[in-house]
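**Q** What follows is entry_19.txt; its format and atoms are compact mmCIF, C-alpha atoms and all ligand atoms.
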# COMPACT_ATOMS: atom_id res chain seq x y z
CA MET A 1 31.65 3.14 1.95
CA ILE A 2 30.81 4.55 -1.47
CA GLU A 3 28.62 7.63 -1.24
CA VAL A 4 25.53 7.92 -3.44
CA GLN A 5 26.75 11.30 -4.67
CA ASP A 6 29.96 9.67 -5.97
CA ILE A 7 28.03 6.99 -7.84
CA GLN A 8 25.75 9.64 -9.27
CA LYS A 9 28.81 11.35 -10.76
CA SER A 10 29.98 8.16 -12.53
CA PRO A 11 29.40 7.63 -16.30
CA LEU A 12 27.13 4.65 -15.47
CA ALA A 13 24.71 7.01 -13.75
CA GLU A 14 24.12 8.80 -17.05
CA ASN A 15 22.01 5.84 -18.06
CA PRO A 16 18.44 6.87 -17.11
CA VAL A 17 17.57 3.40 -15.79
CA ILE A 18 20.71 2.99 -13.70
CA SER A 19 20.44 6.53 -12.34
CA GLN A 20 16.89 5.86 -11.15
CA MET A 21 18.02 2.58 -9.55
CA ILE A 22 20.86 4.34 -7.76
CA LEU A 23 18.54 7.03 -6.41
CA ASN A 24 16.72 4.65 -4.07
CA ASN A 25 19.21 1.79 -4.07
CA HIS A 26 17.18 -0.76 -6.05
CA GLU A 27 18.82 -4.18 -6.20
CA GLN A 28 17.63 -5.46 -9.54
CA VAL A 29 15.38 -4.48 -12.39
CA VAL A 30 14.32 -7.04 -14.95
CA PHE A 31 12.99 -5.96 -18.34
CA CYS A 32 10.83 -8.64 -19.89
CA ASN A 33 10.07 -8.72 -23.61
CA ASP A 34 8.40 -11.31 -25.80
CA ASN A 35 7.50 -10.41 -29.39
CA ASP A 36 5.32 -13.49 -29.89
CA THR A 37 2.89 -12.70 -27.08
CA GLY A 38 3.44 -8.92 -27.10
CA LEU A 39 4.53 -8.98 -23.46
CA LYS A 40 6.42 -5.95 -22.22
CA ALA A 41 6.93 -5.96 -18.48
CA ILE A 42 9.29 -4.68 -15.83
CA ILE A 43 9.97 -6.44 -12.54
CA ALA A 44 11.64 -4.27 -9.91
CA ILE A 45 13.28 -5.76 -6.85
CA HIS A 46 14.01 -2.98 -4.43
CA ASN A 47 15.40 -4.80 -1.43
CA THR A 48 15.70 -8.40 -0.22
CA ILE A 49 17.43 -7.90 3.13
CA LEU A 50 14.38 -9.10 5.06
CA GLY A 51 13.32 -11.83 2.66
CA PRO A 52 12.10 -12.43 -0.89
CA SER A 53 10.61 -9.37 -2.53
CA LEU A 54 6.84 -9.43 -2.74
CA GLY A 55 4.41 -7.10 -4.47
CA GLY A 56 1.59 -7.25 -6.97
CA THR A 57 1.68 -7.10 -10.75
CA ARG A 58 -0.06 -4.08 -12.25
CA MET A 59 -1.18 -3.92 -15.87
CA TRP A 60 -1.50 -0.36 -17.08
CA ALA A 61 -1.47 1.50 -20.41
CA TYR A 62 1.56 3.64 -19.58
CA ASN A 63 2.36 6.41 -22.06
CA ASN A 64 5.93 5.20 -22.39
CA GLU A 65 8.49 2.82 -20.86
CA MET A 66 10.04 5.50 -18.62
CA GLU A 67 6.68 6.17 -17.02
CA ALA A 68 6.30 2.43 -16.34
CA LEU A 69 9.82 2.26 -14.93
CA THR A 70 9.25 5.21 -12.60
CA ASP A 71 6.03 3.63 -11.34
CA VAL A 72 7.48 0.18 -10.72
CA LEU A 73 10.54 1.58 -8.94
CA ARG A 74 8.37 3.77 -6.70
CA LEU A 75 5.92 0.98 -5.92
CA SER A 76 8.58 -1.65 -5.21
CA ARG A 77 10.35 0.69 -2.77
CA GLY A 78 7.02 1.28 -1.05
CA MET A 79 6.62 -2.47 -0.57
CA THR A 80 10.03 -2.69 1.15
CA TYR A 81 8.94 -0.05 3.67
CA LYS A 82 5.47 -1.51 4.18
CA SER A 83 6.75 -5.02 4.95
CA ALA A 84 9.63 -3.74 7.08
CA VAL A 85 7.38 -1.70 9.39
CA ALA A 86 4.84 -4.52 9.57
CA GLY A 87 7.57 -6.77 10.96
CA LEU A 88 7.41 -9.22 8.05
CA ASN A 89 10.33 -11.16 6.65
CA LEU A 90 9.65 -9.90 3.17
CA GLY A 91 11.45 -7.57 0.84
CA GLY A 92 9.95 -5.10 -1.59
CA GLY A 93 9.16 -5.85 -5.21
CA LYS A 94 6.60 -5.01 -7.83
CA ALA A 95 5.93 -5.73 -11.49
CA VAL A 96 4.22 -3.78 -14.23
CA ILE A 97 2.94 -5.11 -17.53
CA ILE A 98 2.76 -2.34 -20.10
CA GLY A 99 -0.55 -2.48 -21.96
CA ASP A 100 -4.29 -2.03 -21.82
CA SER A 101 -5.70 -4.67 -19.48
CA LYS A 102 -9.08 -4.50 -21.23
CA THR A 103 -7.82 -5.26 -24.73
CA GLN A 104 -4.30 -6.66 -24.59
CA LYS A 105 -4.56 -9.44 -22.04
CA ASN A 106 -4.65 -13.11 -22.90
CA GLU A 107 -3.58 -16.48 -21.54
CA ALA A 108 -0.32 -16.64 -23.49
CA LEU A 109 0.79 -13.19 -22.36
CA MET A 110 0.08 -13.93 -18.71
CA ARG A 111 1.76 -17.33 -18.83
CA ARG A 112 4.80 -15.82 -20.52
CA PHE A 113 4.94 -13.29 -17.71
CA GLY A 114 4.69 -16.17 -15.21
CA LYS A 115 7.75 -17.75 -16.81
CA PHE A 116 9.72 -14.54 -16.27
CA VAL A 117 8.66 -14.48 -12.61
CA ASN A 118 9.72 -18.12 -12.31
CA SER A 119 13.14 -17.37 -13.82
CA LEU A 120 13.89 -15.26 -10.73
CA SER A 121 13.72 -18.42 -8.59
CA GLY A 122 11.69 -16.87 -5.79
CA LYS A 123 13.59 -13.63 -5.40
CA TYR A 124 10.35 -11.97 -6.51
CA ILE A 125 6.90 -13.27 -5.53
CA THR A 126 3.98 -11.79 -7.38
CA ALA A 127 0.34 -11.09 -6.48
CA GLU A 128 -2.74 -9.39 -7.91
CA ASP A 129 -2.85 -5.62 -8.48
CA VAL A 130 -4.69 -3.11 -10.65
CA GLY A 131 -5.61 -4.52 -14.08
CA VAL A 132 -4.80 -8.12 -13.14
CA SER A 133 -7.67 -10.46 -12.33
CA THR A 134 -8.03 -13.74 -10.49
CA LYS A 135 -8.19 -15.49 -13.86
CA ASP A 136 -4.85 -13.91 -14.83
CA MET A 137 -3.34 -15.14 -11.56
CA GLU A 138 -4.51 -18.62 -12.50
CA TYR A 139 -2.50 -18.35 -15.74
CA ILE A 140 0.58 -16.99 -13.97
CA LYS A 141 0.33 -19.80 -11.41
CA MET A 142 0.48 -22.37 -14.24
CA GLU A 143 4.08 -21.26 -14.85
CA THR A 144 5.35 -20.44 -11.38
CA ASP A 145 4.79 -21.18 -7.71
CA PHE A 146 6.11 -17.76 -6.76
CA VAL A 147 2.61 -16.33 -6.47
CA SER A 148 0.61 -15.28 -3.43
CA GLY A 149 -2.72 -13.68 -2.54
CA LEU A 150 -4.63 -16.32 -4.46
CA PRO A 151 -8.36 -16.98 -4.10
CA VAL A 152 -9.49 -19.76 -1.78
CA ASN A 153 -10.50 -22.04 -4.68
CA MET A 154 -6.90 -21.90 -5.92
CA GLY A 155 -5.52 -22.86 -2.53
CA GLY A 156 -4.90 -19.29 -1.42
CA SER A 157 -6.02 -17.07 1.43
CA GLY A 158 -8.75 -15.23 -0.49
CA ASP A 159 -9.68 -11.58 -0.27
CA PRO A 160 -7.25 -9.77 2.07
CA SER A 161 -9.59 -6.78 2.49
CA PRO A 162 -11.14 -7.81 5.85
CA VAL A 163 -7.64 -8.06 7.36
CA THR A 164 -6.69 -4.72 5.83
CA ALA A 165 -9.87 -3.13 7.20
CA TYR A 166 -9.20 -4.54 10.66
CA GLY A 167 -5.74 -2.98 10.61
CA VAL A 168 -7.18 0.38 9.51
CA TYR A 169 -9.72 0.22 12.32
CA LEU A 170 -6.99 -0.50 14.92
CA SER A 171 -4.79 2.27 13.54
CA MET A 172 -7.73 4.63 13.85
CA LYS A 173 -8.20 3.64 17.47
CA ALA A 174 -4.48 4.18 18.15
CA SER A 175 -4.77 7.61 16.48
CA ALA A 176 -7.75 8.45 18.70
CA LYS A 177 -5.73 7.47 21.77
CA GLU A 178 -2.89 9.71 20.67
CA LYS A 179 -5.17 12.65 19.87
CA TRP A 180 -7.75 12.42 22.63
CA GLY A 181 -6.12 10.17 25.25
CA ASN A 182 -8.75 7.47 24.79
CA ASP A 183 -9.02 5.00 21.94
CA SER A 184 -12.80 4.80 21.87
CA LEU A 185 -14.35 5.84 18.57
CA ALA A 186 -17.86 5.96 20.01
CA GLY A 187 -19.57 9.20 18.99
CA LYS A 188 -16.68 10.27 16.71
CA LYS A 189 -17.72 11.63 13.33
CA VAL A 190 -15.93 9.56 10.70
CA VAL A 191 -16.10 10.20 6.95
CA VAL A 192 -15.20 7.17 4.84
CA GLN A 193 -14.43 7.95 1.20
CA GLY A 194 -14.71 4.79 -0.91
CA ILE A 195 -16.89 1.92 0.24
CA GLY A 196 -15.14 -0.84 -1.68
CA HIS A 197 -13.83 -4.09 -0.24
CA VAL A 198 -11.89 -2.39 2.55
CA GLY A 199 -14.24 0.56 3.11
CA GLU A 200 -17.28 -1.64 3.63
CA SER A 201 -15.57 -3.82 6.20
CA LEU A 202 -14.14 -0.76 7.97
CA VAL A 203 -17.58 0.86 8.19
CA LYS A 204 -18.92 -2.27 9.89
CA HIS A 205 -16.20 -2.17 12.57
CA LEU A 206 -16.89 1.52 13.17
CA VAL A 207 -20.66 1.19 13.35
CA LYS A 208 -20.25 -1.61 15.88
CA GLU A 209 -18.14 0.71 18.02
CA GLY A 210 -20.74 3.48 17.89
CA ALA A 211 -18.98 5.95 15.59
CA LYS A 212 -21.12 8.39 13.57
CA LEU A 213 -20.50 7.39 9.98
CA SER A 214 -20.84 9.41 6.78
CA ILE A 215 -19.93 7.54 3.62
CA PHE A 216 -19.32 8.34 -0.03
CA ASP A 217 -18.63 6.28 -3.13
CA ILE A 218 -18.94 7.06 -6.84
CA ASN A 219 -20.82 3.78 -7.12
CA GLU A 220 -24.25 5.03 -6.02
CA GLU A 221 -25.91 1.64 -5.95
CA ARG A 222 -23.27 0.24 -3.62
CA LEU A 223 -23.36 3.39 -1.51
CA LYS A 224 -27.11 3.14 -0.94
CA ALA A 225 -26.97 -0.60 -0.20
CA ILE A 226 -24.22 -0.24 2.42
CA ALA A 227 -25.90 2.81 3.99
CA LYS A 228 -29.11 0.80 4.31
CA GLU A 229 -27.30 -2.16 5.83
CA THR A 230 -25.18 -0.17 8.32
CA GLY A 231 -27.27 2.94 9.04
CA ALA A 232 -24.42 5.20 7.88
CA GLU A 233 -25.33 8.63 6.51
CA VAL A 234 -24.91 9.01 2.74
CA ILE A 235 -22.89 11.94 1.38
CA THR A 236 -24.63 12.90 -1.83
CA ASP A 237 -22.05 15.32 -3.22
CA GLY A 238 -18.50 13.92 -3.15
CA SER A 239 -16.97 17.33 -3.84
CA LYS A 240 -18.17 18.53 -0.41
CA ILE A 241 -16.38 15.82 1.56
CA TYR A 242 -13.43 18.01 2.52
CA ASP A 243 -15.67 20.77 3.90
CA MET A 244 -17.66 18.53 6.21
CA ASP A 245 -17.73 18.68 9.97
CA MET A 246 -15.80 15.55 10.99
CA ASP A 247 -13.33 14.18 13.52
CA ILE A 248 -11.71 11.59 11.28
CA TYR A 249 -11.20 11.51 7.52
CA ALA A 250 -10.70 7.96 6.18
CA PRO A 251 -9.56 7.90 2.54
CA CYS A 252 -10.33 4.40 1.24
CA ALA A 253 -10.50 4.97 -2.51
CA LEU A 254 -7.77 6.90 -4.28
CA GLY A 255 -4.29 8.23 -3.52
CA ALA A 256 -3.19 11.88 -3.32
CA THR A 257 -6.42 13.13 -1.72
CA VAL A 258 -4.36 14.83 0.99
CA ASN A 259 -3.07 17.82 -0.94
CA THR A 260 -2.84 21.59 -0.63
CA ASP A 261 -6.42 22.16 -1.74
CA THR A 262 -8.00 19.55 0.54
CA LEU A 263 -5.80 20.45 3.53
CA ASN A 264 -6.97 24.03 3.24
CA ARG A 265 -10.51 22.74 3.65
CA LEU A 266 -10.24 19.74 5.98
CA LYS A 267 -11.16 20.43 9.61
CA CYS A 268 -10.64 16.90 10.92
CA ALA A 269 -8.37 15.92 13.81
CA ILE A 270 -7.15 12.64 12.28
CA ILE A 271 -6.48 11.25 8.80
CA CYS A 272 -6.42 7.47 8.80
CA GLY A 273 -7.52 5.31 5.88
CA ALA A 274 -6.66 2.41 3.58
CA ALA A 275 -5.74 4.18 0.34
CA ASN A 276 -2.12 4.00 -0.81
CA ASN A 277 -0.06 7.17 -1.27
CA GLN A 278 -2.53 9.49 0.44
CA LEU A 279 -0.12 12.43 0.66
CA ALA A 280 0.17 14.06 -2.77
CA ASP A 281 3.71 15.10 -1.82
CA GLU A 282 5.22 13.60 1.34
CA ASN A 283 7.60 16.48 1.98
CA VAL A 284 5.01 19.20 1.53
CA HIS A 285 1.80 17.65 2.87
CA GLY A 286 3.47 15.55 5.57
CA LYS A 287 4.47 18.86 7.14
CA MET A 288 1.30 20.72 6.26
CA VAL A 289 -0.83 18.29 8.30
CA ILE A 290 1.19 19.29 11.38
CA GLU A 291 0.51 22.99 10.75
CA LYS A 292 -3.19 22.14 10.54
CA ASN A 293 -2.97 20.22 13.81
CA ILE A 294 -4.09 17.04 12.03
CA LEU A 295 -2.66 13.70 13.11
CA TYR A 296 -1.76 11.72 10.00
CA ALA A 297 -1.46 7.94 10.42
CA PRO A 298 0.98 6.90 7.64
CA ASP A 299 -0.89 4.92 4.97
CA PHE A 300 1.57 2.08 4.52
CA VAL A 301 1.47 1.36 8.24
CA VAL A 302 -2.31 1.60 8.42
CA ASN A 303 -3.06 -0.61 5.41
CA ALA A 304 -0.45 -3.34 6.01
CA GLY A 305 -3.14 -5.94 6.82
CA GLY A 306 -3.24 -7.00 3.15
CA ILE A 307 0.45 -7.81 2.90
CA ILE A 308 0.32 -9.47 6.34
CA ASN A 309 -2.43 -11.75 5.04
CA VAL A 310 -0.45 -12.62 1.92
CA TYR A 311 2.64 -13.36 4.03
CA TYR A 312 0.76 -15.96 6.04
CA GLU A 313 -0.42 -17.58 2.81
CA LEU A 314 3.24 -18.26 2.00
CA GLU A 315 3.65 -19.96 5.38
CA GLY A 316 0.53 -22.14 5.05
CA TYR A 317 -2.49 -19.97 5.62
CA ASN A 318 -4.08 -19.50 9.00
CA ARG A 319 -6.55 -16.59 9.31
CA GLU A 320 -6.17 -16.38 13.11
CA ARG A 321 -2.40 -15.93 12.86
CA ALA A 322 -2.85 -13.31 10.16
CA MET A 323 -5.38 -11.43 12.30
CA ALA A 324 -3.14 -11.69 15.37
CA HIS A 325 -0.26 -10.19 13.41
CA ALA A 326 -2.53 -7.46 12.04
CA GLU A 327 -3.39 -6.56 15.64
CA LYS A 328 0.17 -5.32 16.06
CA ILE A 329 -0.71 -2.42 13.75
CA TYR A 330 -2.23 -0.72 16.82
CA ASP A 331 1.11 -0.64 18.71
CA THR A 332 3.10 0.13 15.57
CA THR A 333 0.92 3.18 14.93
CA LEU A 334 1.41 4.39 18.51
CA ASN A 335 5.14 3.82 18.23
CA ILE A 336 5.29 5.95 15.07
CA PHE A 337 3.55 8.80 16.87
CA LYS A 338 6.05 8.44 19.73
CA VAL A 339 9.06 8.58 17.38
CA SER A 340 7.49 11.52 15.54
CA LYS A 341 7.20 13.47 18.81
CA GLU A 342 10.60 12.46 20.20
CA GLN A 343 12.46 13.34 17.01
CA ASN A 344 10.19 16.26 16.12
CA ILE A 345 9.57 14.90 12.63
CA PRO A 346 6.38 14.31 10.60
CA THR A 347 4.69 10.96 11.14
CA TYR A 348 5.38 9.72 7.58
CA MET A 349 9.09 10.34 8.22
CA ALA A 350 8.93 8.51 11.54
CA ALA A 351 7.41 5.50 9.75
CA ASN A 352 10.16 5.62 7.12
CA ARG A 353 12.81 5.75 9.85
CA LEU A 354 11.35 2.73 11.64
CA ALA A 355 11.42 0.79 8.36
CA GLU A 356 15.00 1.87 7.68
CA LYS A 357 16.06 0.93 11.21
CA ARG A 358 14.68 -2.59 10.84
CA LEU A 359 16.42 -2.96 7.46
CA SER A 360 19.66 -1.78 8.97
CA ASP A 361 19.37 -3.99 12.08
CA ILE A 362 18.48 -7.14 10.17
CA GLY A 363 21.04 -6.28 7.50
CA LYS A 364 23.72 -6.64 10.18
CA ILE A 365 22.75 -10.21 11.07
CA LYS A 366 22.72 -11.20 7.39
CA VAL A 367 26.37 -10.29 6.79
CA SER A 368 27.57 -12.42 9.70
CA PHE A 369 27.11 -15.61 7.61
P1 LIG B 401 -12.01 -1.38 -4.18
O1 LIG B 401 -11.70 -1.21 -5.62
O2 LIG B 401 -12.75 -2.57 -3.72
O3 LIG B 401 -12.81 -0.10 -3.64
C1 LIG B 401 -12.54 1.21 -4.00
C2 LIG B 401 -13.86 1.94 -3.94
O4 LIG B 401 -13.60 3.33 -4.14
C3 LIG B 401 -14.85 1.50 -5.02
O5 LIG B 401 -16.09 1.19 -4.44
C4 LIG B 401 -14.93 2.72 -5.95
O6 LIG B 401 -16.22 2.89 -6.51
C5 LIG B 401 -14.61 3.83 -4.98
N1 LIG B 401 -14.11 5.06 -5.60
C6 LIG B 401 -13.32 5.22 -6.67
N2 LIG B 401 -13.10 6.52 -6.91
C7 LIG B 401 -13.74 7.20 -5.94
C8 LIG B 401 -13.89 8.56 -5.61
N3 LIG B 401 -13.32 9.51 -6.35
N4 LIG B 401 -14.64 8.89 -4.54
C9 LIG B 401 -15.22 7.95 -3.78
N5 LIG B 401 -15.14 6.63 -4.04
C10 LIG B 401 -14.41 6.27 -5.10
O7 LIG B 401 -10.60 -1.23 -3.42
P2 LIG B 401 -10.26 -1.74 -1.98
O8 LIG B 401 -9.68 -3.10 -2.08
O9 LIG B 401 -11.38 -1.48 -1.06
O10 LIG B 401 -9.05 -0.76 -1.62
C11 LIG B 401 -9.29 0.59 -1.26
C12 LIG B 401 -7.97 1.33 -1.20
O11 LIG B 401 -7.12 0.69 -0.24
C13 LIG B 401 -7.19 1.33 -2.51
O12 LIG B 401 -6.50 2.55 -2.61
C14 LIG B 401 -6.19 0.20 -2.33
O13 LIG B 401 -5.03 0.40 -3.09
C15 LIG B 401 -5.90 0.31 -0.85
N6 LIG B 401 -5.48 -0.96 -0.25
C16 LIG B 401 -6.28 -2.06 -0.30
C17 LIG B 401 -5.87 -3.23 0.29
C18 LIG B 401 -6.74 -4.46 0.28
O14 LIG B 401 -6.46 -5.42 1.03
N7 LIG B 401 -7.78 -4.52 -0.51
C19 LIG B 401 -4.61 -3.31 0.94
C20 LIG B 401 -3.81 -2.17 0.98
C21 LIG B 401 -4.25 -1.00 0.38
Could I get this structure in the form of structure tokens?
Ligand code: NAD
**A**
Amino acid sequence: MIEVQDIQKSPLAENPVISQMILNNHEQVVFCNDNDTGLKAIIAIHNTILGPSLGGTRMWAYNNEMEALTDVLRLSRGMTYKSAVAGLNLGGGKAVIIGDSKTQKNEALMRRFGKFVNSLSGKYITAEDVGVSTKDMEYIKMETDFVSGLPVNMGGSGDPSPVTAYGVYLSMKASAKEKWGNDSLAGKKVVVQGIGHVGESLVKHLVKEGAKLSIFDINEERLKAIAKETGAEVITDGSKIYDMDMDIYAPCALGATVNTDTLNRLKCAIICGAANNQLADENVHGKMVIEKNILYAPDFVVNAGGIINVYYELEGYNRERAMAHAEKIYDTTLNIFKVSKEQNIPTYMAANRLAEKRLSDIGKIKVSF
């Protein structure tokens, strides 16, 4: 077997794109350019051992192409791990369109992008992500069938957020079982940061179970409306969130909120929420949570309900089957805690190892053909 270190020493690895691909073993990176429409996009396929690569398309005004490349490589690898741990037969992929989604989007650009997706013959399936709207998906769909996560009126499964929220809720219960020996959340003080599509649905599950909710969102109008509807307490100053008396911190807005500053302030027992990339630095903060005696439920395990929902859309959508699959997130979370304890490793690392094991196991059956 060729060692990564040997490849990294080869002249090919001096190319900044190739060297980044080698680092995390990306299968294929497609650079898309079209002068007529102004499209500049990158599609990254990280791994297709388990199935076609699937991940959303993000449109973002990156400062330069390298920044876009780094982002798409990181995100596509994340999708491989998320689908692998969720037990889906999907690989990891992602696409980025370089540009300002407010000023540079139009039908021709999106349809041109759809043609590039189509040229990959299903090796990459796209979906909505930041900066890409339902209308844009409609344009992409005109040029390719390799699209998922579509709204109901376009024949899709609609908003995946309720399934995501259900998975977060179950992961939280599994975390409670691990921490306190009982998975009831009744009476537990939970702080939910970000009451968007997922946050709102999560709050409703938690209120029903009798948890004591405190919620915050930068959208004050939405915050007040949801507090009124659910009886949750409103946090008026978002900067104080990390100093609050709480049992569970549920980040459901932005990434990187678990960092050195916040960990020095957080007094919770559990971190479990929907946001992607919660740990600012896996290596540093994945270990720091242990020192603080905080149980961290790895984000890509917790929030897999969305990709599970999209997967069932590919199979002919059935909400009950999607929900039943999302229910497995409870056992998966417990299993990650078990592996973390047995191998004496942080929980994020245990989740990564479970993903890598599935890739390795299924990889073996693929080569037998
Ligand atoms: P959303 O855009 O509907 O909601 C995000 C909410 O966070 C908004 O209400 C916004 O006002 C609020 N917000 C933004 N900055 C904030 C801040 N600094 N403090 C507090 N609130 C802030 O998004 P969503 O679909 O609910 O997703 C929430 C998170 O979960 C995102 O990180 C997303 O990437 C992740 N996620 C979502 C899904 C899904 O199915 N929707 C699946 C996997 C992961």
**Q** Given only C-alpha atoms and all ligand atoms, how would the per-residue table for chain A near ligand LIG 401 (chain B) read, listing every residue at most 6 Å away with its closest atom pair and distance in Å to one decimal, sorted by chain and number, as JSON lines?
**A**
{"residue": "A:Pro160", "atom": "CA", "partner": "B:LIG401", "partner_atom": "O14", "distance": 4.5}
{"residue": "A:Ser161", "atom": "CA", "partner": "B:LIG401", "partner_atom": "O14", "distance": 3.7}
{"residue": "A:Thr164", "atom": "CA", "partner": "B:LIG401", "partner_atom": "O14", "distance": 4.9}
{"residue": "A:Gln193", "atom": "CA", "partner": "B:LIG401", "partner_atom": "C9", "distance": 5.0}
{"residue": "A:Gly194", "atom": "CA", "partner": "B:LIG401", "partner_atom": "N5", "distance": 3.7}
{"residue": "A:Ile195", "atom": "CA", "partner": "B:LIG401", "partner_atom": "O5", "distance": 4.8}
{"residue": "A:Gly196", "atom": "CA", "partner": "B:LIG401", "partner_atom": "O3", "distance": 3.1}
{"residue": "A:His197", "atom": "CA", "partner": "B:LIG401", "partner_atom": "O9", "distance": 3.7}
{"residue": "A:Val198", "atom": "CA", "partner": "B:LIG401", "partner_atom": "O9", "distance": 3.8}
{"residue": "A:Gly199", "atom": "CA", "partner": "B:LIG401", "partner_atom": "O9", "distance": 5.5}
{"residue": "A:Phe216", "atom": "CA", "partner": "B:LIG401", "partner_atom": "C9", "distance": 5.6}
{"residue": "A:Asp217", "atom": "CA", "partner": "B:LIG401", "partner_atom": "N5", "distance": 3.6}
{"residue": "A:Ile218", "atom": "CA", "partner": "B:LIG401", "partner_atom": "N5", "distance": 4.7}
{"residue": "A:Asn219", "atom": "CA", "partner": "B:LIG401", "partner_atom": "O6", "distance": 4.7}
{"residue": "A:Cys252", "atom": "CA", "partner": "B:LIG401", "partner_atom": "C12", "distance": 4.6}
{"residue": "A:Ala253", "atom": "CA", "partner": "B:LIG401", "partner_atom": "O4", "distance": 3.9}
{"residue": "A:Leu254", "atom": "CA", "partner": "B:LIG401", "partner_atom": "O12", "distance": 4.8}
{"residue": "A:Ala274", "atom": "CA", "partner": "B:LIG401", "partner_atom": "O11", "distance": 4.2}
{"residue": "A:Ala275", "atom": "CA", "partner": "B:LIG401", "partner_atom": "O12", "distance": 3.5}
{"residue": "A:Asn276", "atom": "CA", "partner": "B:LIG401", "partner_atom": "O12", "distance": 5.0}
{"residue": "A:Asn303", "atom": "CA", "partner": "B:LIG401", "partner_atom": "C20", "distance": 4.8}
{"residue": "A:Gly306", "atom": "CA", "partner": "B:LIG401", "partner_atom": "O14", "distance": 4.2}
**Q** If you take every atom of region 268-285 of chain A that the file lists and fit an axis-aligned box around them with 4 Å extra on each side, what centre and edge lengths come out in Å to one decimal, as JSON?
**A**
{"center_x": -1.5, "center_y": 10.8, "center_z": 5.5, "size_x": 26.2, "size_y": 24.8, "size_z": 24.6}
**Q** Using all atoms listed in the file, which of the listed residues (A:Ala269, A:Leu314, A:Ile365, A:Val17) sits closest to Leu295 (chain A)?
**A**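 Smallest distance to Leu295 (chain A) is found for A:Ala269.
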**Q** List as number ranges by chain the protein and nucleic acid residues near Pro346 (chain A), meaning an atom at most 12 Å away when all atoms listed in the file are counted, but skip any in the same chain fewer than 4 places from it.
**A** A: 282-291, 293-298, 336-342, 350-353
**Q** Of the candidates A:Glu128, A:Gly92, A:Asp247, A:Ala108, which shows the shortest atom-to-atom distance to Arg77 (chain A), using only C-alpha atoms?
**A** A:Gly92
**Q** I need the residue nearest Lys173 (chain A) from this list: A:Asn344, A:Ser119, A:Ser239, A:Thr333. Use only C-alpha atoms for the distance.
**A**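 Selected residue with least distance to Lys173 (chain A): A:Thr333.
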**Q** Can you work out which one of A:Ala127, A:Leu39, A:Cys272, A:Leu150 has the shortest atom-to-atom distance to Leu54 (chain A), counting only C-alpha atoms?
**A** A:Ala127
**Q** Name the residues, using the chain letters and numbers of the file, that sit within 12 Å of (9.1, 1.9, 2.5) when counting only C-alpha atoms, and give them as an MDAnalysis selection string.
**A** chainID A and resid 24 46:47 73:86 90:93 276:277 298:301 304 348:359
**Q** Just the selected residues (C-alpha atoms), exported as a short mmCIF file (atom, residue, chain, number, x, y, z; two decimals), in the coordinates of the input, please.
**A**
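Written out: again_38.cif:
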data_model
loop_
_atom_site.label_atom_id
_atom_site.label_comp_id
_atom_site.auth_asym_id
_atom_site.auth_seq_id
_atom_site.Cartn_x
_atom_site.Cartn_y
_atom_site.Cartn_z
CA ASN A 24 16.72 4.65 -4.07
CA HIS A 46 14.01 -2.98 -4.43
CA ASN A 47 15.40 -4.80 -1.43
CA LEU A 73 10.54 1.58 -8.94
CA ARG A 74 8.37 3.77 -6.70
CA LEU A 75 5.92 0.98 -5.92
CA SER A 76 8.58 -1.65 -5.21
CA ARG A 77 10.35 0.69 -2.77
CA GLY A 78 7.02 1.28 -1.05
CA MET A 79 6.62 -2.47 -0.57
CA THR A 80 10.03 -2.69 1.15
CA TYR A 81 8.94 -0.05 3.67
CA LYS A 82 5.47 -1.51 4.18
CA SER A 83 6.75 -5.02 4.95
CA ALA A 84 9.63 -3.74 7.08
CA VAL A 85 7.38 -1.70 9.39
CA ALA A 86 4.84 -4.52 9.57
CA LEU A 90 9.65 -9.90 3.17
CA GLY A 91 11.45 -7.57 0.84
CA GLY A 92 9.95 -5.10 -1.59
CA GLY A 93 9.16 -5.85 -5.21
CA ASN A 276 -2.12 4.00 -0.81
CA ASN A 277 -0.06 7.17 -1.27
CA PRO A 298 0.98 6.90 7.64
CA ASP A 299 -0.89 4.92 4.97
CA PHE A 300 1.57 2.08 4.52
CA VAL A 301 1.47 1.36 8.24
CA ALA A 304 -0.45 -3.34 6.01
CA TYR A 348 5.38 9.72 7.58
CA MET A 349 9.09 10.34 8.22
CA ALA A 350 8.93 8.51 11.54
CA ALA A 351 7.41 5.50 9.75
CA ASN A 352 10.16 5.62 7.12
CA ARG A 353 12.81 5.75 9.85
CA LEU A 354 11.35 2.73 11.64
CA ALA A 355 11.42 0.79 8.36
CA GLU A 356 15.00 1.87 7.68
CA LYS A 357 16.06 0.93 11.21
CA ARG A 358 14.68 -2.59 10.84
CA LEU A 359 16.42 -2.96 7.46
#
**Q** Tell me, in Å to one decimal, how far CA of Arg111 (chain A) is from CA of Gly55 (chain A).
**A**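 Result for CA of Arg111 (chain A) versus CA of Gly55 (chain A): 17.8 Å, one decimal.
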**Q** Please, what distance in Å, to one decimal, runs between CA of Val96 (chain A) and CA of Ile307 (chain A)?
**A**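 Interatomic distance here is 18.0 Å.
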**Q** Could you list, as a list in words, every residue within 12 Å of Leu120 (chain A), counting only C-alpha atoms and ignoring same-chain residues fewer than 4 positions away?
**A**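 The residues that qualify are Gln28, Val29, Val30, Cys32, Ile43, Ala44, Ile45, Pro52, Ser53, Gly93, Phe113, Gly114, Lys115, Phe116, Tyr124, Ile125, Thr126, Thr144, Asp145 and Phe146 of chain A.
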**Q** Between A:Val310, A:Val117, A:Ala61, A:Ala326, which has the minimum distance to Gly156 (chain A) (counting all atoms listed in the file)?
**A** A:Val310
**Q** Quick one: distance from CA of Lys189 (chain A) to CA of Met246 (chain A) in Å, one decimal?
**A**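 These atoms are spaced 5.0 Å apart.
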